[in-house]
Amino acid sequence: MKRRTYLDNAATTCADKSVVEAMLPYLTTQYGNPSSLHGFGTEAKAALERARAEIALAIGASTAPGIIFTSGGTESNNLALKGTAFANRDRGNHIIVSSIEHDCILNTCEWLRGQGFRISYIPVDENAVIDLSALKEMITPGTILVSVMYANNETGTIQPIREIGAICREAEVPFHSDACQAFGKIPLNVEEDMIDLLTINSHKIYGPKGVGALYIRKGLKADPLLHGGGQEGGIRSTTENIPGIAGFVKAVQLCMHDLRAESGRQLQLKNSLVQFLSETYDTFYLNGDPVNCLPGHVNFSFHGLEGETIRLLLLLDEMGIAVSAGSACSSNNSNHSASHVLQAIGRNQFEARGAIRVSLGRYTTQEDIDWFRNSLSIAIGSLNRIFSS
């Protein structure tokens, strides 16, 4: 059987076995609707509130009711932006986001622009770090929200979140951060970081797909996207996904228990890979911040091979290696446009189509890294033979 090596954990992760076990009772014996008043329902309701408290604890939130369970990162981001925008329209219509946000943020902003809101985009430097002075200058009396992702999904660059939070807090502007890539991989704390709204999800941290959460600081206004039975404090009406939430919470507990040790292990593996690439290929270059980056995340390119990235990935796939050319969600773009993130850090359109993203995970071993190194060398050798023929 062909060896298969998964190095695309930024796209999604496999569900941990303990997560699956935690979900099973809520699919089989404790399957009540948490809005029901009988015993089955009250059991489910109790599980839901325990889960809310666990998530609040994991992100440093002072109140559990601020945790709103959703279907994932995209819904949470939509709720944060649209909900805040419409609830505060009497205060202003200006929203500020970074130029390297996930597509679900950028596309939501474009939709809001059509609804009469004004959108400003914070520039980034060559390492994909936002310009803090530009952010300060952009804030006006009509600014009602700032949204900057905690860590970028393509480059892995970690933003100066606490500094951003301080700027927003001083200006009395709510601050939202999409932390789907960062949560469970590096420490974060909404109180210390002065984050007012935080997006997290489950399937990036070995939990089930289709479940996430939005933290909303007490006192903030947000209009619901869904109207119905008034679940989740009236912010998100629909019967809660109790099995998914149970799995999400178990995944969070596992990540929090071993966060620092696991981050250190992945960083060591990543550093060994980057050292090999830089010493072996003169044409190698990194995309993103080499230091302030997620521990298991590396985005790189080869000068002269940018136009062959898809062919290179297909050759690796034939050898059982799963890596990415960028964001998994952006592959649904029928235009196959160049990465807006890489263009924002100064790459031209050709270079912005030619990146390889390797993202390590809990089950990545040194043997996996060695196998990738060997497979990459073979694949690049195959490309060189094509070019020389």
# chains A, B, ... in the order shown; residues from 1 in each chain; ligands from 1
>>> residues_around(residues="segment 258-263 of chain A", least_positions_apart="4", cutoff="7 Å", atoms="only C-alpha atoms", output="PyMOL selection string")
chain A and resi 184-186+254+267+295
>>> residues_around(residues="Ser99 of chain A", least_positions_apart="3", cutoff="12 Å", atoms="only C-alpha atoms", output="MDAnalysis selection string")
chainID A and resid 96 102:103 105:107 109 119:125 128:131 134:135 147:149 152 339:345
>>> write_last_selection(atoms="N, CA and C atoms", output="JSON list (two decimals), in the first residue's frame")
[["chain", "number", "residue", "atom", "x", "y", "z"],
["A", 96, "ILE", "N", -13.24, 48.50, 9.43],
["A", 96, "ILE", "CA", -11.84, 48.36, 9.06],
["A", 96, "ILE", "C", -11.43, 46.90, 9.17],
["A", 102, "HIS", "N", -9.33, 36.22, 5.61],
["A", 102, "HIS", "CA", -9.92, 35.06, 4.92],
["A", 102, "HIS", "C", -11.02, 35.54, 3.98],
["A", 103, "ASP", "N", -11.26, 34.77, 2.93],
["A", 103, "ASP", "CA", -12.27, 35.15, 1.94],
["A", 103, "ASP", "C", -13.64, 35.41, 2.56],
["A", 105, "ILE", "N", -14.34, 36.82, 5.31],
["A", 105, "ILE", "CA", -14.36, 38.20, 5.82],
["A", 105, "ILE", "C", -14.42, 39.18, 4.66],
["A", 106, "LEU", "N", -13.55, 39.01, 3.69],
["A", 106, "LEU", "CA", -13.49, 39.95, 2.57],
["A", 106, "LEU", "C", -14.79, 39.95, 1.77],
["A", 107, "ASN", "N", -15.36, 38.78, 1.53],
["A", 107, "ASN", "CA", -16.61, 38.72, 0.77],
["A", 107, "ASN", "C", -17.78, 39.29, 1.56],
["A", 109, "CYS", "N", -17.45, 41.74, 3.66],
["A", 109, "CYS", "CA", -17.25, 43.18, 3.58],
["A", 109, "CYS", "C", -17.76, 43.74, 2.26],
["A", 119, "ILE", "N", -15.84, 50.43, 3.78],
["A", 119, "ILE", "CA", -14.84, 49.46, 4.19],
["A", 119, "ILE", "C", -13.44, 50.03, 3.92],
["A", 120, "SER", "N", -12.56, 49.95, 4.91],
["A", 120, "SER", "CA", -11.16, 50.32, 4.76],
["A", 120, "SER", "C", -10.30, 49.09, 5.00],
["A", 121, "TYR", "N", -9.19, 48.98, 4.27],
["A", 121, "TYR", "CA", -8.32, 47.80, 4.35],
["A", 121, "TYR", "C", -6.94, 48.21, 4.86],
["A", 122, "ILE", "N", -6.51, 47.59, 5.94],
["A", 122, "ILE", "CA", -5.20, 47.91, 6.53],
["A", 122, "ILE", "C", -4.11, 47.22, 5.72],
["A", 123, "PRO", "N", -3.09, 47.96, 5.28],
["A", 123, "PRO", "CA", -1.99, 47.32, 4.54],
["A", 123, "PRO", "C", -1.10, 46.51, 5.48],
["A", 124, "VAL", "N", -0.30, 45.62, 4.88],
["A", 124, "VAL", "CA", 0.64, 44.79, 5.64],
["A", 124, "VAL", "C", 2.04, 44.97, 5.07],
["A", 125, "ASP", "N", 3.05, 44.58, 5.86],
["A", 125, "ASP", "CA", 4.43, 44.66, 5.37],
["A", 125, "ASP", "C", 4.80, 43.37, 4.66],
["A", 128, "ALA", "N", 3.67, 40.14, 6.17],
["A", 128, "ALA", "CA", 2.22, 39.99, 6.36],
["A", 128, "ALA", "C", 1.77, 40.47, 7.72],
["A", 129, "VAL", "N", 2.50, 41.42, 8.32],
["A", 129, "VAL", "CA", 2.11, 42.03, 9.59],
["A", 129, "VAL", "C", 1.45, 43.37, 9.30],
["A", 130, "ILE", "N", 0.32, 43.64, 9.93],
["A", 130, "ILE", "CA", -0.41, 44.87, 9.61],
["A", 130, "ILE", "C", 0.34, 46.10, 10.08],
["A", 131, "ASP", "N", 0.04, 47.23, 9.45],
["A", 131, "ASP", "CA", 0.63, 48.52, 9.77],
["A", 131, "ASP", "C", -0.21, 49.16, 10.89],
["A", 134, "ALA", "N", -1.12, 52.82, 10.38],
["A", 134, "ALA", "CA", -2.20, 52.99, 9.40],
["A", 134, "ALA", "C", -3.55, 52.72, 10.04],
["A", 135, "LEU", "N", -3.61, 51.71, 10.90],
["A", 135, "LEU", "CA", -4.86, 51.41, 11.60],
["A", 135, "LEU", "C", -5.31, 52.61, 12.43],
["A", 147, "SER", "N", -11.64, 44.42, 12.30],
["A", 147, "SER", "CA", -11.50, 42.96, 12.26],
["A", 147, "SER", "C", -10.14, 42.59, 11.67],
["A", 148, "VAL", "N", -9.32, 41.92, 12.48],
["A", 148, "VAL", "CA", -7.99, 41.47, 12.04],
["A", 148, "VAL", "C", -7.80, 40.04, 12.52],
["A", 149, "MET", "N", -7.47, 39.14, 11.60],
["A", 149, "MET", "CA", -7.30, 37.73, 11.97],
["A", 149, "MET", "C", -6.09, 37.56, 12.88],
["A", 152, "ASN", "N", -2.61, 34.34, 10.07],
["A", 152, "ASN", "CA", -3.06, 34.20, 8.69],
["A", 152, "ASN", "C", -3.11, 32.74, 8.25],
["A", 339, "SER", "N", -3.15, 34.57, -5.11],
["A", 339, "SER", "CA", -3.42, 34.80, -3.69],
["A", 339, "SER", "C", -3.41, 36.28, -3.36],
["A", 340, "HIS", "N", -4.51, 36.76, -2.79],
["A", 340, "HIS", "CA", -4.55, 38.17, -2.37],
["A", 340, "HIS", "C", -3.60, 38.41, -1.21],
["A", 341, "VAL", "N", -3.33, 37.38, -0.42],
["A", 341, "VAL", "CA", -2.42, 37.52, 0.71],
["A", 341, "VAL", "C", -0.99, 37.75, 0.22],
["A", 342, "LEU", "N", -0.55, 36.92, -0.72],
["A", 342, "LEU", "CA", 0.82, 37.05, -1.22],
["A", 342, "LEU", "C", 1.00, 38.32, -2.02],
["A", 343, "GLN", "N", -0.05, 38.75, -2.73],
["A", 343, "GLN", "CA", 0.05, 40.03, -3.43],
["A", 343, "GLN", "C", 0.16, 41.18, -2.43],
["A", 344, "ALA", "N", -0.52, 41.06, -1.30],
["A", 344, "ALA", "CA", -0.48, 42.12, -0.29],
["A", 344, "ALA", "C", 0.91, 42.27, 0.32],
["A", 345, "ILE", "N", 1.71, 41.19, 0.34],
["A", 345, "ILE", "CA", 3.06, 41.29, 0.90],
["A", 345, "ILE", "C", 4.11, 41.62, -0.16]]
>>> closest_residue(among="A:Ala325, A:Leu312, A:Ala352, A:Ala166", to="Leu383 of chain A", atoms="only C-alpha atoms")
A:Leu312
>>> closest_residue(among="A:Tyr215, A:Tyr6, A:Phe183, A:Tyr281", to="Trp371 of chain A", atoms="only C-alpha atoms")
A:Tyr6
>>> closest_residue(among="A:Asp178, A:Glu351, A:Glu279, A:Asp317", to="Ser301 of chain A", atoms="only C-alpha atoms")
A:Glu351
>>> atom_distance(atom1="atom CA of Ile235 of chain A", atom2="atom CA of Arg217 of chain A")
13.1 Å
>>> select_by_dssp(residues="segment 175-377 of chain A", states="strand (DSSP E or B)", output="PyMOL selection string")
chain A and resi 175-178+183+186+197-201+212-216+284-286+293+297-302+321-322+324+356-359
>>> atom_distance(atom1="atom CA of Val190 of chain A", atom2="atom CA of Gly60 of chain A")
5.7 Å
>>> closest_residue(among="A:Arg118, A:Arg113, A:Arg373, A:Arg357", to="Ile95 of chain A", atoms="only C-alpha atoms")
A:Arg118
>>> closest_residue(among="A:Gly264, A:Cys293, A:Thr140, A:Ser71", to="Pro160 of chain A", atoms="only C-alpha atoms")
A:Cys293
>>> residues_around(residues="Ile321 of chain A", least_positions_apart="3", cutoff="9 Å", atoms="only C-alpha atoms", output="number ranges by chain")
A: 3-7, 313, 315-318, 371-372, 375
>>> decode(residues="segment 149-234 of chain A", atoms="C-alpha atoms", output="PDB file, in the first residue's frame")
ATOM      1  CA  MET A 149      -7.305  37.735  11.970  1.00  0.00           C
ATOM      2  CA  TYR A 150      -5.131  36.365  14.782  1.00  0.00           C
ATOM      3  CA  ALA A 151      -2.907  34.312  12.462  1.00  0.00           C
ATOM      4  CA  ASN A 152      -3.060  34.199   8.689  1.00  0.00           C
ATOM      5  CA  ASN A 153      -4.343  31.019   7.091  1.00  0.00           C
ATOM      6  CA  GLU A 154      -1.862  31.142   4.187  1.00  0.00           C
ATOM      7  CA  THR A 155       1.398  32.475   5.619  1.00  0.00           C
ATOM      8  CA  GLY A 156       0.838  31.585   9.282  1.00  0.00           C
ATOM      9  CA  THR A 157       1.939  35.083  10.342  1.00  0.00           C
ATOM     10  CA  ILE A 158       0.734  36.008  13.842  1.00  0.00           C
ATOM     11  CA  GLN A 159      -0.510  39.575  14.191  1.00  0.00           C
ATOM     12  CA  PRO A 160       0.313  41.960  17.102  1.00  0.00           C
ATOM     13  CA  ILE A 161      -3.145  41.294  18.497  1.00  0.00           C
ATOM     14  CA  ARG A 162      -2.688  42.889  21.909  1.00  0.00           C
ATOM     15  CA  GLU A 163      -1.456  46.132  20.338  1.00  0.00           C
ATOM     16  CA  ILE A 164      -4.417  46.126  17.962  1.00  0.00           C
ATOM     17  CA  GLY A 165      -6.763  45.504  20.887  1.00  0.00           C
ATOM     18  CA  ALA A 166      -5.258  48.407  22.806  1.00  0.00           C
ATOM     19  CA  ILE A 167      -5.683  50.775  19.848  1.00  0.00           C
ATOM     20  CA  CYS A 168      -9.329  49.758  19.434  1.00  0.00           C
ATOM     21  CA  ARG A 169     -10.082  49.894  23.155  1.00  0.00           C
ATOM     22  CA  GLU A 170      -8.647  53.409  23.409  1.00  0.00           C
ATOM     23  CA  ALA A 171     -10.779  54.499  20.435  1.00  0.00           C
ATOM     24  CA  GLU A 172     -13.832  52.697  21.882  1.00  0.00           C
ATOM     25  CA  VAL A 173     -14.236  50.654  18.704  1.00  0.00           C
ATOM     26  CA  PRO A 174     -15.145  46.932  18.969  1.00  0.00           C
ATOM     27  CA  PHE A 175     -12.337  44.593  17.883  1.00  0.00           C
ATOM     28  CA  HIS A 176     -13.047  41.248  16.206  1.00  0.00           C
ATOM     29  CA  SER A 177     -10.447  38.599  15.464  1.00  0.00           C
ATOM     30  CA  ASP A 178     -10.779  35.445  13.382  1.00  0.00           C
ATOM     31  CA  ALA A 179      -8.695  32.979  15.404  1.00  0.00           C
ATOM     32  CA  CYS A 180      -9.583  29.775  13.550  1.00  0.00           C
ATOM     33  CA  GLN A 181      -5.950  29.109  12.641  1.00  0.00           C
ATOM     34  CA  ALA A 182      -4.470  30.231  15.970  1.00  0.00           C
ATOM     35  CA  PHE A 183      -6.862  28.722  18.511  1.00  0.00           C
ATOM     36  CA  GLY A 184      -5.528  25.513  20.019  1.00  0.00           C
ATOM     37  CA  LYS A 185      -2.030  26.120  18.628  1.00  0.00           C
ATOM     38  CA  ILE A 186      -0.838  29.163  20.562  1.00  0.00           C
ATOM     39  CA  PRO A 187      -2.069  30.756  23.814  1.00  0.00           C
ATOM     40  CA  LEU A 188      -4.733  33.452  23.483  1.00  0.00           C
ATOM     41  CA  ASN A 189      -6.833  35.361  25.972  1.00  0.00           C
ATOM     42  CA  VAL A 190      -9.687  37.667  24.984  1.00  0.00           C
ATOM     43  CA  GLU A 191      -9.418  39.729  28.175  1.00  0.00           C
ATOM     44  CA  GLU A 192      -5.664  40.282  28.034  1.00  0.00           C
ATOM     45  CA  ASP A 193      -5.715  40.785  24.252  1.00  0.00           C
ATOM     46  CA  MET A 194      -8.676  43.194  24.532  1.00  0.00           C
ATOM     47  CA  ILE A 195     -10.668  41.247  21.930  1.00  0.00           C
ATOM     48  CA  ASP A 196     -14.397  42.015  21.870  1.00  0.00           C
ATOM     49  CA  LEU A 197     -15.467  39.341  19.374  1.00  0.00           C
ATOM     50  CA  LEU A 198     -13.547  36.128  18.636  1.00  0.00           C
ATOM     51  CA  THR A 199     -14.160  33.483  15.985  1.00  0.00           C
ATOM     52  CA  ILE A 200     -13.039  29.883  16.595  1.00  0.00           C
ATOM     53  CA  ASN A 201     -13.933  26.558  15.044  1.00  0.00           C
ATOM     54  CA  SER A 202     -13.622  22.843  15.641  1.00  0.00           C
ATOM     55  CA  HIS A 203     -12.261  21.123  12.556  1.00  0.00           C
ATOM     56  CA  LYS A 204      -8.860  22.864  12.713  1.00  0.00           C
ATOM     57  CA  ILE A 205      -8.180  21.338  16.164  1.00  0.00           C
ATOM     58  CA  TYR A 206      -9.103  17.641  15.661  1.00  0.00           C
ATOM     59  CA  GLY A 207     -12.814  18.162  16.271  1.00  0.00           C
ATOM     60  CA  PRO A 208     -15.789  17.542  13.975  1.00  0.00           C
ATOM     61  CA  LYS A 209     -16.618  19.726  10.988  1.00  0.00           C
ATOM     62  CA  GLY A 210     -19.706  21.913  11.049  1.00  0.00           C
ATOM     63  CA  VAL A 211     -19.325  23.467  14.492  1.00  0.00           C
ATOM     64  CA  GLY A 212     -17.661  26.611  15.817  1.00  0.00           C
ATOM     65  CA  ALA A 213     -18.290  29.529  18.134  1.00  0.00           C
ATOM     66  CA  LEU A 214     -18.329  33.296  18.304  1.00  0.00           C
ATOM     67  CA  TYR A 215     -17.404  35.031  21.539  1.00  0.00           C
ATOM     68  CA  ILE A 216     -19.215  38.343  22.056  1.00  0.00           C
ATOM     69  CA  ARG A 217     -18.124  40.525  24.968  1.00  0.00           C
ATOM     70  CA  LYS A 218     -20.884  41.401  27.403  1.00  0.00           C
ATOM     71  CA  GLY A 219     -22.575  44.663  26.488  1.00  0.00           C
ATOM     72  CA  LEU A 220     -21.880  44.528  22.750  1.00  0.00           C
ATOM     73  CA  LYS A 221     -24.824  44.609  20.359  1.00  0.00           C
ATOM     74  CA  ALA A 222     -25.114  42.142  17.465  1.00  0.00           C
ATOM     75  CA  ASP A 223     -28.150  41.507  15.286  1.00  0.00           C
ATOM     76  CA  PRO A 224     -28.886  37.832  14.529  1.00  0.00           C
ATOM     77  CA  LEU A 225     -28.503  36.330  11.057  1.00  0.00           C
ATOM     78  CA  LEU A 226     -31.071  33.609  11.797  1.00  0.00           C
ATOM     79  CA  HIS A 227     -34.531  34.188  13.253  1.00  0.00           C
ATOM     80  CA  GLY A 228     -36.556  31.439  14.854  1.00  0.00           C
ATOM     81  CA  GLY A 229     -36.860  29.903  18.300  1.00  0.00           C
ATOM     82  CA  GLY A 230     -34.455  32.270  20.042  1.00  0.00           C
ATOM     83  CA  GLN A 231     -31.713  29.794  20.887  1.00  0.00           C
ATOM     84  CA  GLU A 232     -28.236  30.981  21.903  1.00  0.00           C
ATOM     85  CA  GLY A 233     -29.585  34.028  23.673  1.00  0.00           C
ATOM     86  CA  GLY A 234     -31.589  35.025  20.616  1.00  0.00           C
TER      87      GLY A 234
END
